[in-house]
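Dumped final_23.csv below, it's CSV, N, CA and C atoms:
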```csv
chain,number,residue,atom,x,y,z
A,659,MET,N,3.1,-8.7,15.1
A,659,MET,CA,2.6,-7.6,14.4
A,659,MET,C,1.7,-8.2,13.2
A,660,LYS,N,0.6,-7.5,13.0
A,660,LYS,CA,-0.3,-7.8,11.9
A,660,LYS,C,0.0,-6.9,10.7
A,661,ALA,N,0.7,-7.4,9.7
A,661,ALA,CA,1.1,-6.6,8.6
A,661,ALA,C,0.0,-6.5,7.5
A,662,ILE,N,0.0,-5.3,6.8
A,662,ILE,CA,-1.0,-5.1,5.8
A,662,ILE,C,-0.5,-4.2,4.7
A,663,PHE,N,-0.9,-4.5,3.5
A,663,PHE,CA,-0.6,-3.6,2.3
A,663,PHE,C,-1.9,-3.2,1.7
A,664,LEU,N,-2.1,-1.9,1.5
A,664,LEU,CA,-3.3,-1.4,0.9
A,664,LEU,C,-3.0,-0.4,-0.2
A,665,SER,N,-3.9,-0.3,-1.1
A,665,SER,CA,-3.8,0.8,-2.1
A,665,SER,C,-5.2,1.4,-2.2
A,666,GLY,N,-5.3,2.7,-2.5
A,666,GLY,CA,-6.5,3.4,-2.7
A,666,GLY,C,-6.3,4.9,-2.8
A,667,ARG,N,-7.4,5.6,-2.8
A,667,ARG,CA,-7.4,7.0,-3.0
A,667,ARG,C,-7.9,7.7,-1.7
A,668,LEU,N,-7.2,8.8,-1.3
A,668,LEU,CA,-7.6,9.6,-0.2
A,668,LEU,C,-9.0,10.1,-0.4
A,669,THR,N,-9.9,10.0,0.6
A,669,THR,CA,-11.3,10.5,0.5
A,669,THR,C,-11.4,11.9,1.0
A,670,ARG,N,-10.4,12.4,1.7
A,670,ARG,CA,-10.4,13.7,2.2
A,670,ARG,C,-8.9,14.2,2.4
A,671,ASP,N,-8.7,15.4,2.6
A,671,ASP,CA,-7.4,15.9,2.9
A,671,ASP,C,-7.0,15.4,4.3
A,672,PRO,N,-5.7,15.0,4.5
A,672,PRO,CA,-5.3,14.5,5.8
A,672,PRO,C,-5.5,15.6,6.9
A,673,GLU,N,-5.8,15.1,8.1
A,673,GLU,CA,-5.9,16.0,9.3
A,673,GLU,C,-4.6,15.8,10.1
A,674,ILE,N,-3.9,16.9,10.3
A,674,ILE,CA,-2.7,16.9,11.0
A,674,ILE,C,-2.8,17.5,12.4
A,675,LYS,N,-2.3,16.8,13.4
A,675,LYS,CA,-2.3,17.4,14.8
A,675,LYS,C,-1.0,17.2,15.4
A,676,GLU,N,-0.7,18.1,16.4
A,676,GLU,CA,0.5,17.9,17.2
A,676,GLU,C,0.0,17.5,18.6
A,677,VAL,N,0.6,16.4,19.1
A,677,VAL,CA,0.3,15.9,20.4
A,677,VAL,C,1.5,15.9,21.4
A,678,THR,N,1.2,16.0,22.6
A,678,THR,CA,2.2,16.0,23.7
A,678,THR,C,3.0,17.3,23.7
A,679,ASP,N,3.8,17.5,24.7
A,679,ASP,CA,4.7,18.7,24.8
A,679,ASP,C,5.8,18.6,23.8
A,680,LYS,N,6.1,17.4,23.3
A,680,LYS,CA,7.2,17.3,22.3
A,680,LYS,C,6.8,17.7,20.9
A,681,LYS,N,5.5,18.0,20.8
A,681,LYS,CA,4.9,18.4,19.5
A,681,LYS,C,5.1,17.3,18.5
A,682,THR,N,4.8,16.1,18.9
A,682,THR,CA,4.8,14.9,18.0
A,682,THR,C,3.6,15.1,17.0
A,683,LYS,N,3.9,14.9,15.7
A,683,LYS,CA,2.8,15.0,14.7
A,683,LYS,C,2.1,13.7,14.5
A,684,VAL,N,0.8,13.8,14.3
A,684,VAL,CA,0.0,12.6,13.9
A,684,VAL,C,-0.9,13.0,12.8
A,685,ALA,N,-1.0,12.2,11.8
A,685,ALA,CA,-1.9,12.4,10.6
A,685,ALA,C,-3.0,11.3,10.6
A,686,ASP,N,-4.2,11.8,10.3
A,686,ASP,CA,-5.3,10.9,10.1
A,686,ASP,C,-5.9,11.1,8.8
A,687,PHE,N,-6.2,10.1,8.0
A,687,PHE,CA,-7.0,10.2,6.8
A,687,PHE,C,-7.6,8.9,6.5
A,688,THR,N,-8.5,8.9,5.5
A,688,THR,CA,-9.2,7.7,5.0
A,688,THR,C,-8.9,7.4,3.6
A,689,ILE,N,-8.7,6.2,3.2
A,689,ILE,CA,-8.6,5.8,1.8
A,689,ILE,C,-9.7,4.9,1.4
A,690,ALA,N,-10.1,5.0,0.1
A,690,ALA,CA,-11.2,4.1,-0.4
A,690,ALA,C,-10.5,3.2,-1.4
A,691,ASN,N,-10.9,1.9,-1.4
A,691,ASN,CA,-10.3,0.9,-2.3
A,691,ASN,C,-11.5,0.3,-2.9
A,692,ASN,N,-11.7,0.6,-4.2
A,692,ASN,CA,-12.9,0.0,-4.9
A,692,ASN,C,-12.4,-0.6,-6.3
A,693,GLU,N,-11.2,-1.1,-6.4
A,693,GLU,CA,-10.7,-1.6,-7.6
A,693,GLU,C,-11.5,-2.8,-8.2
A,694,ARG,N,-12.1,-3.6,-7.4
A,694,ARG,CA,-12.8,-4.8,-7.8
A,694,ARG,C,-14.2,-4.5,-8.1
A,695,ASP,N,-14.8,-3.6,-7.4
A,695,ASP,CA,-16.3,-3.3,-7.5
A,695,ASP,C,-16.5,-1.8,-7.4
A,696,SER,N,-16.7,-1.1,-8.5
A,696,SER,CA,-16.8,0.3,-8.5
A,696,SER,C,-18.0,0.9,-7.7
A,697,GLU,N,-18.9,0.0,-7.3
A,697,GLU,CA,-20.1,0.5,-6.6
A,697,GLU,C,-19.9,0.3,-5.1
A,698,ASN,N,-19.2,-0.7,-4.7
A,698,ASN,CA,-19.1,-1.0,-3.2
A,698,ASN,C,-17.7,-1.0,-2.8
A,699,GLY,N,-17.2,0.2,-2.5
A,699,GLY,CA,-15.8,0.4,-2.1
A,699,GLY,C,-15.6,0.0,-0.6
A,700,GLU,N,-14.4,-0.2,-0.3
A,700,GLU,CA,-14.0,-0.4,1.1
A,700,GLU,C,-13.2,0.8,1.6
A,701,PHE,N,-13.5,1.2,2.8
A,701,PHE,CA,-12.8,2.4,3.4
A,701,PHE,C,-12.0,2.0,4.6
A,702,PHE,N,-10.8,2.5,4.6
A,702,PHE,CA,-9.8,2.2,5.7
A,702,PHE,C,-9.4,3.5,6.3
A,703,ASP,N,-9.5,3.6,7.6
A,703,ASP,CA,-8.9,4.7,8.4
A,703,ASP,C,-7.5,4.5,8.6
A,704,ILE,N,-6.7,5.5,8.3
A,704,ILE,CA,-5.2,5.4,8.4
A,704,ILE,C,-4.7,6.4,9.4
A,705,VAL,N,-3.8,6.1,10.3
A,705,VAL,CA,-3.1,7.0,11.2
A,705,VAL,C,-1.6,6.8,11.0
A,706,CYS,N,-0.8,7.9,11.1
A,706,CYS,CA,0.6,7.7,11.1
A,706,CYS,C,1.2,8.8,12.0
A,707,TRP,N,2.5,8.6,12.4
A,707,TRP,CA,3.1,9.4,13.4
A,707,TRP,C,4.5,9.9,12.9
A,708,ASP,N,4.9,11.0,13.6
A,708,ASP,CA,6.3,11.5,13.4
A,708,ASP,C,6.6,11.8,12.0
A,709,LYS,N,7.7,11.3,11.5
A,709,LYS,CA,8.2,11.6,10.1
A,709,LYS,C,7.2,11.2,9.0
A,710,THR,N,6.5,10.1,9.2
A,710,THR,CA,5.5,9.7,8.3
A,710,THR,C,4.4,10.7,8.2
A,711,ALA,N,4.0,11.2,9.4
A,711,ALA,CA,3.0,12.2,9.4
A,711,ALA,C,3.4,13.5,8.8
A,712,GLU,N,4.7,13.9,8.9
A,712,GLU,CA,5.2,15.0,8.2
A,712,GLU,C,5.2,14.8,6.7
A,713,PHE,N,5.5,13.6,6.3
A,713,PHE,CA,5.5,13.3,4.8
A,713,PHE,C,4.0,13.5,4.3
A,714,VAL,N,3.1,13.0,5.0
A,714,VAL,CA,1.7,13.1,4.7
A,714,VAL,C,1.3,14.6,4.6
A,715,GLU,N,1.7,15.3,5.6
A,715,GLU,CA,1.3,16.8,5.6
A,715,GLU,C,1.8,17.5,4.4
A,716,ASN,N,3.0,17.2,4.0
A,716,ASN,CA,3.7,17.9,2.9
A,716,ASN,C,3.3,17.4,1.5
A,717,TYR,N,2.9,16.1,1.3
A,717,TYR,CA,2.7,15.6,0.0
A,717,TYR,C,1.3,15.0,-0.4
A,718,LEU,N,0.5,14.7,0.6
A,718,LEU,CA,-0.8,14.1,0.2
A,718,LEU,C,-2.0,15.0,0.3
A,719,LYS,N,-3.0,14.7,-0.6
A,719,LYS,CA,-4.2,15.5,-0.6
A,719,LYS,C,-5.3,14.6,-1.1
A,720,LYS,N,-6.5,15.1,-0.9
A,720,LYS,CA,-7.7,14.4,-1.3
A,720,LYS,C,-7.6,13.9,-2.8
A,721,GLY,N,-8.0,12.7,-3.0
A,721,GLY,CA,-8.1,12.1,-4.4
A,721,GLY,C,-6.8,11.4,-4.8
A,722,GLN,N,-5.7,11.6,-4.1
A,722,GLN,CA,-4.4,11.1,-4.5
A,722,GLN,C,-4.4,9.6,-4.2
A,723,LYS,N,-3.8,8.8,-5.2
A,723,LYS,CA,-3.6,7.4,-5.0
A,723,LYS,C,-2.4,7.1,-4.2
A,724,VAL,N,-2.5,6.2,-3.2
A,724,VAL,CA,-1.4,5.8,-2.3
A,724,VAL,C,-1.3,4.3,-2.2
A,725,ILE,N,-0.2,3.8,-1.8
A,725,ILE,CA,0.1,2.5,-1.4
A,725,ILE,C,0.6,2.5,0.0
A,726,ILE,N,0.0,1.8,0.9
A,726,ILE,CA,0.4,1.9,2.3
A,726,ILE,C,0.8,0.5,2.8
A,727,GLN,N,1.9,0.5,3.5
A,727,GLN,CA,2.4,-0.6,4.2
A,727,GLN,C,2.4,-0.3,5.7
A,728,GLY,N,1.8,-1.2,6.5
A,728,GLY,CA,1.7,-0.9,7.9
A,728,GLY,C,1.2,-2.1,8.7
A,729,SER,N,0.6,-1.8,9.9
A,729,SER,CA,0.1,-2.8,10.8
A,729,SER,C,-1.4,-2.4,11.1
A,730,PHE,N,-2.1,-3.3,11.6
A,730,PHE,CA,-3.6,-3.0,11.8
A,730,PHE,C,-4.0,-3.6,13.1
A,731,GLN,N,-5.1,-3.1,13.6
A,731,GLN,CA,-5.8,-3.6,14.8
A,731,GLN,C,-7.3,-3.4,14.6
A,732,ASN,N,-8.0,-4.3,15.2
A,732,ASN,CA,-9.5,-4.2,15.3
A,732,ASN,C,-9.8,-3.6,16.6
A,733,GLU,N,-10.8,-2.6,16.6
A,733,GLU,CA,-11.2,-2.0,17.8
A,733,GLU,C,-12.7,-2.2,17.9
A,734,SER,N,-13.3,-2.4,19.1
A,734,SER,CA,-14.7,-2.5,19.2
A,734,SER,C,-15.2,-1.4,20.1
A,735,TYR,N,-16.5,-1.0,19.9
A,735,TYR,CA,-17.2,0.0,20.7
A,735,TYR,C,-18.7,-0.3,20.7
A,736,LYS,N,-19.4,0.3,21.6
A,736,LYS,CA,-20.8,0.2,21.7
A,736,LYS,C,-21.4,1.5,21.1
A,737,ASP,N,-22.4,1.3,20.2
A,737,ASP,CA,-23.1,2.4,19.6
A,737,ASP,C,-24.2,2.9,20.6
A,738,LYS,N,-25.0,3.9,20.1
A,738,LYS,CA,-26.0,4.5,21.0
A,738,LYS,C,-27.1,3.5,21.4
A,739,GLU,N,-27.3,2.5,20.6
A,739,GLU,CA,-28.3,1.4,20.9
A,739,GLU,C,-27.7,0.3,21.7
A,740,GLY,N,-26.5,0.3,22.0
A,740,GLY,CA,-25.8,-0.7,22.8
A,740,GLY,C,-25.3,-1.9,22.0
A,741,ASN,N,-25.3,-1.8,20.7
A,741,ASN,CA,-24.8,-2.8,19.8
A,741,ASN,C,-23.3,-2.7,19.7
A,742,THR,N,-22.6,-3.8,19.7
A,742,THR,CA,-21.1,-3.8,19.6
A,742,THR,C,-20.8,-3.6,18.1
A,743,ARG,N,-20.0,-2.6,17.8
A,743,ARG,CA,-19.5,-2.3,16.5
A,743,ARG,C,-18.0,-2.5,16.4
A,744,TYR,N,-17.5,-2.8,15.3
A,744,TYR,CA,-16.1,-3.1,15.1
A,744,TYR,C,-15.5,-2.0,14.1
A,745,HIS,N,-14.3,-1.6,14.4
A,745,HIS,CA,-13.6,-0.6,13.7
A,745,HIS,C,-12.2,-1.1,13.3
A,746,PHE,N,-11.8,-1.0,12.1
A,746,PHE,CA,-10.5,-1.5,11.6
A,746,PHE,C,-9.6,-0.3,11.4
A,747,ARG,N,-8.5,-0.2,12.2
A,747,ARG,CA,-7.6,0.9,12.1
A,747,ARG,C,-6.2,0.5,11.6
A,748,VAL,N,-5.6,1.2,10.6
A,748,VAL,CA,-4.3,0.9,10.1
A,748,VAL,C,-3.3,2.0,10.5
A,749,THR,N,-2.2,1.5,11.0
A,749,THR,CA,-1.1,2.5,11.3
A,749,THR,C,-0.1,2.3,10.2
A,750,ALA,N,0.1,3.4,9.4
A,750,ALA,CA,1.0,3.4,8.3
A,750,ALA,C,2.4,3.5,8.7
A,751,HIS,N,3.3,2.7,8.2
A,751,HIS,CA,4.7,2.8,8.4
A,751,HIS,C,5.5,3.3,7.2
A,752,ASN,N,4.9,3.0,6.0
A,752,ASN,CA,5.5,3.4,4.8
A,752,ASN,C,4.4,3.8,3.8
A,753,ILE,N,4.6,4.9,3.1
A,753,ILE,CA,3.6,5.4,2.2
A,753,ILE,C,4.2,5.8,0.9
A,754,GLU,N,3.7,5.3,-0.2
A,754,GLU,CA,4.1,5.7,-1.6
A,754,GLU,C,2.9,6.3,-2.3
A,755,PHE,N,3.2,7.3,-3.2
A,755,PHE,CA,2.1,7.9,-3.8
A,755,PHE,C,2.4,8.2,-5.3
A,756,GLU,N,1.4,8.4,-6.1
A,756,GLU,CA,1.5,8.9,-7.5
A,756,GLU,C,1.3,10.4,-7.5
A,757,SER,N,2.2,11.1,-8.1
A,757,SER,CA,2.0,12.5,-8.2
A,757,SER,C,1.1,13.0,-9.3
```
What is this structure when it is put down as structure tokens?
Amino acid sequence: MKAIFLSGRLTRDPEIKEVTDKKTKVADFTIANNERDSENGEFFDIVCWDKTAEFVENYLKKGQKVIIQGSFQNESYKDKEGNTRYHFRVTAHNIEFES
């Protein structure tokens, strides 16, 4: 497993969906981390499942500062021009927030 720790602020309210017949919850959101350089922030797409997604649904909103512990993977895809692009996705396993 590739472990990662991130901190940042939510750039938008989380999007919550239910998938499968078991109504498993999944939450998607993005955080921005620009602690070192206020002009050039880094953005991370976050996904979480089940109980963690329920936590996100109940407690997180745009602008909130969070600390995320999870795993990550790199994904690649072709854009409209045929160029290979890379996407970094984090699956959150534990989330802490400031109220």
Per DSSP on the backbone, what are the helix (DSSP H, G or I) residues of chain A, as a PyMOL selection string?
chain A and resi 708-717
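With all atoms listed in the file as the atoms that count, the minimum distance from Gln731 of chain A to the choices A:Pro672, A:Lys660, A:Val677, A:Thr682 is reached by A:Lys660.
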Shell around Asp708 of chain A at 6.5 Å using only N, CA and C atoms, local window under 4 positions removed, as a ChimeraX atom specification:
/A:682-685,712-713
Atom CA of Ala690 of chain A to atom CA of Gly666 of chain A measures 5.3 Å
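Atom to atom, atom CA of Asn691 of chain A and atom CA of Ala661 of chain A stand 17.5 Å apart.
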Which residues of segment 671-732 of chain A have any atom within 10 Å of an atom in segment 662-665 of chain A when counting only C-alpha atoms, and what is the closest pair of atoms for each, with the distance in Å to one decimal? Order the rows by chain and rising number and write it as CSV.
```
residue,atom,partner,partner_atom,distance
A:Ile689,CA,A:Ser665,CA,8.0
A:Ala690,CA,A:Ser665,CA,8.3
A:Asn691,CA,A:Ser665,CA,6.5
A:Asn692,CA,A:Ser665,CA,9.6
A:Glu693,CA,A:Ser665,CA,9.1
A:Phe702,CA,A:Leu664,CA,8.8
A:Lys723,CA,A:Ser665,CA,7.2
A:Val724,CA,A:Ser665,CA,5.5
A:Ile725,CA,A:Ser665,CA,4.3
A:Ile726,CA,A:Leu664,CA,5.2
A:Gln727,CA,A:Phe663,CA,4.6
A:Gly728,CA,A:Ile662,CA,5.4
A:Ser729,CA,A:Ile662,CA,5.6
A:Phe730,CA,A:Ile662,CA,6.9
```
Which polymer residues have any atom within 7 Å of an atom of Thr669 of chain A, counting only N, CA and C atoms, with same-chain residues fewer than 3 positions away left out, as number ranges by chain?
A: 687-690, 719-722
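Comparing the minimum interatomic distances between Gly699 of chain A and each of A:Val748, A:Thr742, A:Glu733, A:Arg667, counting only C-alpha atoms, we find that A:Arg667 sits nearest.
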As an mmCIF file, in the coordinates of the input, please: segment 742-753 of chain A completed to all heavy atoms.
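What follows is the written file selection-v4.cif:
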```cif
data_model
loop_
_atom_site.group_PDB
_atom_site.id
_atom_site.type_symbol
_atom_site.label_atom_id
_atom_site.label_comp_id
_atom_site.auth_asym_id
_atom_site.auth_seq_id
_atom_site.Cartn_x
_atom_site.Cartn_y
_atom_site.Cartn_z
ATOM 1 N N THR A 742 -22.600 -3.800 19.700
ATOM 2 C CA THR A 742 -21.100 -3.800 19.600
ATOM 3 C C THR A 742 -20.800 -3.600 18.100
ATOM 4 O O THR A 742 -21.284 -4.302 17.208
ATOM 5 C CB THR A 742 -20.526 -5.138 20.042
ATOM 6 O OG1 THR A 742 -20.865 -5.323 21.417
ATOM 7 C CG2 THR A 742 -19.016 -5.124 19.899
ATOM 8 N N ARG A 743 -20.000 -2.600 17.800
ATOM 9 C CA ARG A 743 -19.500 -2.300 16.500
ATOM 10 C C ARG A 743 -18.000 -2.500 16.400
ATOM 11 O O ARG A 743 -17.307 -2.361 17.456
ATOM 12 C CB ARG A 743 -19.818 -0.844 16.101
ATOM 13 C CG ARG A 743 -21.273 -0.508 16.136
ATOM 14 C CD ARG A 743 -21.973 -1.157 15.014
ATOM 15 N NE ARG A 743 -23.374 -0.768 15.009
ATOM 16 C CZ ARG A 743 -24.268 -1.290 14.238
ATOM 17 N NH1 ARG A 743 -23.935 -2.237 13.394
ATOM 18 N NH2 ARG A 743 -25.511 -0.913 14.301
ATOM 19 N N TYR A 744 -17.500 -2.800 15.300
ATOM 20 C CA TYR A 744 -16.100 -3.100 15.100
ATOM 21 C C TYR A 744 -15.500 -2.000 14.100
ATOM 22 O O TYR A 744 -16.120 -1.659 13.157
ATOM 23 C CB TYR A 744 -15.822 -4.479 14.604
ATOM 24 C CG TYR A 744 -16.292 -5.497 15.603
ATOM 25 C CD1 TYR A 744 -17.562 -6.055 15.514
ATOM 26 C CD2 TYR A 744 -15.487 -5.860 16.676
ATOM 27 C CE1 TYR A 744 -18.012 -6.967 16.453
ATOM 28 C CE2 TYR A 744 -15.924 -6.774 17.616
ATOM 29 C CZ TYR A 744 -17.187 -7.322 17.498
ATOM 30 O OH TYR A 744 -17.633 -8.211 18.440
ATOM 31 N N HIS A 745 -14.300 -1.600 14.400
ATOM 32 C CA HIS A 745 -13.600 -0.600 13.700
ATOM 33 C C HIS A 745 -12.200 -1.100 13.300
ATOM 34 O O HIS A 745 -11.511 -1.635 14.220
ATOM 35 C CB HIS A 745 -13.524 0.690 14.468
ATOM 36 C CG HIS A 745 -12.847 1.803 13.777
ATOM 37 N ND1 HIS A 745 -13.480 2.589 12.853
ATOM 38 C CD2 HIS A 745 -11.593 2.273 13.869
ATOM 39 C CE1 HIS A 745 -12.636 3.496 12.416
ATOM 40 N NE2 HIS A 745 -11.486 3.321 13.007
ATOM 41 N N PHE A 746 -11.800 -1.000 12.100
ATOM 42 C CA PHE A 746 -10.500 -1.500 11.600
ATOM 43 C C PHE A 746 -9.600 -0.300 11.400
ATOM 44 O O PHE A 746 -9.917 0.630 10.695
ATOM 45 C CB PHE A 746 -10.766 -2.179 10.274
ATOM 46 C CG PHE A 746 -9.614 -2.900 9.691
ATOM 47 C CD1 PHE A 746 -9.184 -4.095 10.211
ATOM 48 C CD2 PHE A 746 -8.966 -2.391 8.582
ATOM 49 C CE1 PHE A 746 -8.136 -4.788 9.646
ATOM 50 C CE2 PHE A 746 -7.919 -3.063 8.006
ATOM 51 C CZ PHE A 746 -7.502 -4.271 8.548
ATOM 52 N N ARG A 747 -8.500 -0.200 12.200
ATOM 53 C CA ARG A 747 -7.600 0.900 12.100
ATOM 54 C C ARG A 747 -6.200 0.500 11.600
ATOM 55 O O ARG A 747 -5.654 -0.519 12.109
ATOM 56 C CB ARG A 747 -7.433 1.631 13.398
ATOM 57 C CG ARG A 747 -6.475 2.818 13.269
ATOM 58 C CD ARG A 747 -6.379 3.725 14.410
ATOM 59 N NE ARG A 747 -7.355 4.715 14.718
ATOM 60 C CZ ARG A 747 -7.721 5.743 13.963
ATOM 61 N NH1 ARG A 747 -7.311 5.860 12.747
ATOM 62 N NH2 ARG A 747 -8.536 6.652 14.425
ATOM 63 N N VAL A 748 -5.600 1.200 10.600
ATOM 64 C CA VAL A 748 -4.300 0.900 10.100
ATOM 65 C C VAL A 748 -3.300 2.000 10.500
ATOM 66 O O VAL A 748 -3.609 3.164 10.420
ATOM 67 C CB VAL A 748 -4.371 0.853 8.542
ATOM 68 C CG1 VAL A 748 -2.991 0.642 7.956
ATOM 69 C CG2 VAL A 748 -5.330 -0.239 8.083
ATOM 70 N N THR A 749 -2.200 1.500 11.000
ATOM 71 C CA THR A 749 -1.100 2.500 11.300
ATOM 72 C C THR A 749 -0.100 2.300 10.200
ATOM 73 O O THR A 749 0.484 1.243 9.989
ATOM 74 C CB THR A 749 -0.405 2.114 12.674
ATOM 75 O OG1 THR A 749 -1.376 2.215 13.713
ATOM 76 C CG2 THR A 749 0.751 3.057 12.955
ATOM 77 N N ALA A 750 0.100 3.400 9.400
ATOM 78 C CA ALA A 750 1.000 3.400 8.300
ATOM 79 C C ALA A 750 2.400 3.500 8.700
ATOM 80 O O ALA A 750 2.769 4.415 9.523
ATOM 81 C CB ALA A 750 0.628 4.510 7.314
ATOM 82 N N HIS A 751 3.300 2.700 8.200
ATOM 83 C CA HIS A 751 4.700 2.800 8.400
ATOM 84 C C HIS A 751 5.500 3.300 7.200
ATOM 85 O O HIS A 751 6.554 3.873 7.313
ATOM 86 C CB HIS A 751 5.293 1.424 8.863
ATOM 87 C CG HIS A 751 4.616 0.875 10.077
ATOM 88 N ND1 HIS A 751 4.694 1.465 11.316
ATOM 89 C CD2 HIS A 751 3.815 -0.205 10.245
ATOM 90 C CE1 HIS A 751 3.990 0.772 12.185
ATOM 91 N NE2 HIS A 751 3.441 -0.252 11.553
ATOM 92 N N ASN A 752 4.900 3.000 6.000
ATOM 93 C CA ASN A 752 5.500 3.400 4.800
ATOM 94 C C ASN A 752 4.400 3.800 3.800
ATOM 95 O O ASN A 752 3.457 3.039 3.673
ATOM 96 C CB ASN A 752 6.415 2.306 4.200
ATOM 97 C CG ASN A 752 7.194 2.752 2.996
ATOM 98 O OD1 ASN A 752 7.612 3.899 2.906
ATOM 99 N ND2 ASN A 752 7.384 1.862 2.044
ATOM 100 N N ILE A 753 4.600 4.900 3.100
ATOM 101 C CA ILE A 753 3.600 5.400 2.200
ATOM 102 C C ILE A 753 4.200 5.800 0.900
ATOM 103 O O ILE A 753 5.225 6.483 0.854
ATOM 104 C CB ILE A 753 2.784 6.585 2.701
ATOM 105 C CG1 ILE A 753 2.092 6.224 4.020
ATOM 106 C CG2 ILE A 753 1.769 7.094 1.673
ATOM 107 C CD1 ILE A 753 1.440 7.403 4.717
#
```
